[in-house]
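What follows is one structure encoded as structure tokens, with my remarks underneath.
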Amino acid sequence: MTEKERMLSGKLYCPFKVGDGTWEKSREALEKFNSMPWRQEKERMEVLRGILGHLGEDAVIVPPFYCDKGAQIYIGKGFYANTGLLILDEADVRIGDHVFIAPRVSIYTAAHPIDADIRRTELEYAKSVSIGNDVWIGGNVVINPGVTIGSNAVIGSGSVVTKDIPDGVIAVGNPCKVLRKITKADKDYWTEQAEEYYADADIR
């Protein structure tokens, strides 16, 4: 197996020997993206489309944004990430539709051996991350390698997600754990709030 094949399959690999050019390409694109004038939102997103595996329509990522390679990142439509998103994409990072990400969220796929002797050899491994549709991730959340977050989940600010989170729950903490299910009462409450908003004559 090549170093890249080992990297993508979750086996130990040497990151300095992958040599596929994606790291260098992403450095140039990110330097351009993060330095462009704020009004050039569409142009900035086109820069990212040149390095990401997939970037859905209407996606918005607010600078600064950093990733390792970009080619292993797949993002659905209606995506919004506030400032400071960091993705280490040595393995695939797959994000569904209509996902909202607050500031300073970190998504990691790369990891190092627990044994110090092996760690000093600069070998590492990577595990993919998957995030479903309609997920809201609060500020300063860390998502660790190998995690799956289900659709319609809410991850509270400051959480460290070390294990899978199911669909339709609010999860918080370090380590992140399910707090409760999202219920019909939640939907009814927020539907009522939205109806009041749209009925407000002052905003028409």
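We name chains A, B, ... following the order of the structure tokens; residues begin at 1 in each chain, and ligands are numbered from 1 as shown.
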
*Taking the chain letters and numbering used in this document, name the residues of region 144-176 of chain A that DSSP puts in strand (DSSP E or B), as a ChimeraX atom specification.*
/A:148-149,154-155,160-161,165,169-172

How would the residues just picked look written out with C-alpha atoms as a PDB file, in the first residue's frame?
```pdb
ATOM      1  CA  THR A 148     -20.396  10.215  13.830  1.00  0.00           C
ATOM      2  CA  ILE A 149     -22.969  12.874  14.752  1.00  0.00           C
ATOM      3  CA  VAL A 154     -27.464  19.964  18.664  1.00  0.00           C
ATOM      4  CA  ILE A 155     -23.981  19.963  20.212  1.00  0.00           C
ATOM      5  CA  VAL A 160     -15.557  17.600  23.303  1.00  0.00           C
ATOM      6  CA  VAL A 161     -17.161  14.898  21.175  1.00  0.00           C
ATOM      7  CA  ILE A 165     -24.041  11.053  18.975  1.00  0.00           C
ATOM      8  CA  VAL A 169     -30.747  14.892  20.582  1.00  0.00           C
ATOM      9  CA  ILE A 170     -29.108  17.731  22.484  1.00  0.00           C
ATOM     10  CA  ALA A 171     -25.646  16.658  23.651  1.00  0.00           C
ATOM     11  CA  VAL A 172     -23.199  18.634  25.789  1.00  0.00           C
TER      12      VAL A 172
END
```

*Contacts of region 32-43 of chain A within 12 Å, only C-alpha atoms, excl. fewer than 2 positions in-chain, as an NGL selection string*: :A and (25-30 or 45-51 or 57-67 or 83-85)

_I want to know what sits within 12 Å of Lys69 (chain A), based on only C-alpha atoms, with residues of the same chain fewer than 5 positions away left out; could you give that as an NGL selection string?_
:A and (4 or 15 or 18-30 or 48 or 50-53 or 74 or 86-93 or 109-110)

*Got a sec: who's within 12 Å of Lys77 (chain A), counting only C-alpha atoms, leaving out chain neighbours fewer than 4 positions off, as a PyMOL selection string?*
chain A and resi 54-60+95-100+132-134

Would you mind exporting C-alpha atoms of the selected residues as a CSV table (one decimal), in the first residue's frame?
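out16.csv written:
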```csv
chain,number,residue,atom,x,y,z
A,54,HIS,CA,-17.3,18.8,-2.5
A,55,LEU,CA,-18.9,22.1,-1.4
A,56,GLY,CA,-22.7,22.3,-1.7
A,57,GLU,CA,-24.6,25.2,-3.1
A,58,ASP,CA,-25.2,28.3,-0.9
A,59,ALA,CA,-22.5,27.1,1.5
A,60,VAL,CA,-20.8,29.9,3.4
A,95,ILE,CA,-21.0,17.0,6.5
A,96,GLY,CA,-24.7,16.8,5.5
A,97,ASP,CA,-27.1,19.5,4.4
A,98,HIS,CA,-28.1,22.6,6.4
A,99,VAL,CA,-25.4,22.2,9.0
A,100,PHE,CA,-24.7,25.3,11.2
A,132,GLY,CA,-25.6,14.3,9.5
A,133,ASN,CA,-28.2,16.8,8.1
A,134,ASP,CA,-29.6,19.8,10.1
```

_region 49-123 of chain A: residues DSSP assigns to alpha helix (DSSP H), reported as JSON, numbers by chain_ = {"A": [49, 116, 117, 118, 119]}

So that I can see what lies close to Tyr13 (chain A), please list as a CSV table (one decimal) with N, CA and C atoms, in the first residue's frame the residues with an atom at most 8 Å from it, counting only C-alpha atoms and leaving out residues fewer than 5 positions away in the same chain.
```csv
chain,number,residue,atom,x,y,z
A,3,GLU,N,1.6,5.3,1.0
A,3,GLU,CA,1.3,6.1,2.2
A,3,GLU,C,-0.1,6.6,2.2
A,4,LYS,N,-0.5,7.2,1.1
A,4,LYS,CA,-1.9,7.7,1.0
A,4,LYS,C,-2.9,6.7,1.2
A,6,ARG,N,-2.6,3.9,2.9
A,6,ARG,CA,-2.6,3.6,4.3
A,6,ARG,C,-3.3,4.7,5.1
A,7,MET,N,-3.1,6.0,4.8
A,7,MET,CA,-3.7,7.1,5.5
A,7,MET,C,-5.3,7.0,5.4
A,123,LEU,N,5.0,8.4,13.0
A,123,LEU,CA,3.8,7.7,12.4
A,123,LEU,C,2.5,8.2,13.1
A,124,GLU,N,1.5,8.2,12.3
A,124,GLU,CA,0.2,8.6,12.8
A,124,GLU,C,-0.9,7.8,12.1
A,125,TYR,N,-2.2,8.0,12.5
A,125,TYR,CA,-3.3,7.3,11.8
A,125,TYR,C,-4.4,8.3,11.7
```

*Give me the residues within 9 Å of Gly168 (chain A) as a list in words, counting only C-alpha atoms and dropping any in the same chain fewer than 3 places off.*
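In the requested format, the answer is Val135, Gly150, Ser151, Asn152, Ala153, Val154, Arg180, Lys181, Ile182 and Thr183 of chain A.
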
May I have the residues from that selection written out with all heavy atoms, as a compact mmCIF listing (two decimals), in the first residue's frame?
```txt
# COMPACT_ATOMS: atom_id res chain seq x y z
N VAL A 135 -27.70 19.68 11.54
CA VAL A 135 -26.97 19.66 12.82
C VAL A 135 -26.52 21.08 13.15
O VAL A 135 -26.09 21.83 12.27
CB VAL A 135 -25.76 18.72 12.75
CG1 VAL A 135 -24.92 18.79 14.02
CG2 VAL A 135 -26.23 17.28 12.51
N GLY A 150 -25.30 12.27 14.49
CA GLY A 150 -26.53 12.01 13.75
C GLY A 150 -27.24 13.27 13.30
O GLY A 150 -26.93 14.39 13.74
N SER A 151 -28.22 13.11 12.42
CA SER A 151 -28.99 14.24 11.89
C SER A 151 -29.86 14.88 12.98
O SER A 151 -30.26 14.22 13.94
CB SER A 151 -29.88 13.77 10.74
OG SER A 151 -29.11 13.36 9.64
N ASN A 152 -30.11 16.18 12.80
CA ASN A 152 -30.98 16.95 13.70
C ASN A 152 -30.49 16.89 15.14
O ASN A 152 -31.28 16.89 16.10
CB ASN A 152 -32.43 16.44 13.62
CG ASN A 152 -33.42 17.41 14.25
OD1 ASN A 152 -33.24 18.63 14.17
ND2 ASN A 152 -34.44 16.89 14.89
N ALA A 153 -29.17 16.88 15.32
CA ALA A 153 -28.59 16.93 16.65
C ALA A 153 -28.08 18.34 16.93
O ALA A 153 -27.74 19.09 16.01
CB ALA A 153 -27.44 15.94 16.78
N VAL A 154 -28.03 18.69 18.21
CA VAL A 154 -27.46 19.96 18.66
C VAL A 154 -26.33 19.64 19.64
O VAL A 154 -26.54 18.92 20.62
CB VAL A 154 -28.53 20.84 19.36
CG1 VAL A 154 -27.89 22.10 19.93
CG2 VAL A 154 -29.65 21.20 18.38
N ARG A 180 -30.68 15.27 26.33
CA ARG A 180 -32.09 14.88 26.18
C ARG A 180 -32.43 14.80 24.70
O ARG A 180 -31.69 15.28 23.84
CB ARG A 180 -33.03 15.87 26.87
CG ARG A 180 -33.06 17.27 26.25
CD ARG A 180 -34.11 18.12 26.92
NE ARG A 180 -34.18 19.49 26.42
CZ ARG A 180 -34.89 19.87 25.37
NH1 ARG A 180 -35.57 18.98 24.66
NH2 ARG A 180 -34.93 21.14 25.00
N LYS A 181 -33.58 14.20 24.41
CA LYS A 181 -34.08 14.16 23.04
C LYS A 181 -34.70 15.49 22.66
O LYS A 181 -35.19 16.23 23.53
CB LYS A 181 -35.12 13.04 22.89
CG LYS A 181 -34.54 11.64 22.98
CD LYS A 181 -35.63 10.60 22.74
CE LYS A 181 -35.06 9.18 22.77
NZ LYS A 181 -36.12 8.16 22.54
N ILE A 182 -34.68 15.80 21.39
CA ILE A 182 -35.41 16.95 20.87
C ILE A 182 -36.84 16.48 20.61
O ILE A 182 -37.06 15.48 19.92
CB ILE A 182 -34.75 17.49 19.59
CG1 ILE A 182 -33.35 18.03 19.92
CG2 ILE A 182 -35.61 18.57 18.95
CD1 ILE A 182 -32.53 18.42 18.72
N THR A 183 -37.83 17.18 21.19
CA THR A 183 -39.20 16.69 21.21
C THR A 183 -40.15 17.56 20.38
O THR A 183 -39.78 18.63 19.88
CB THR A 183 -39.72 16.68 22.66
OG1 THR A 183 -39.81 18.04 23.13
CG2 THR A 183 -38.78 15.89 23.57
```

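Taking CA of Val105 (chain A) as the reference point, CA of Arg120 (chain A) is found at 27.8 Å.
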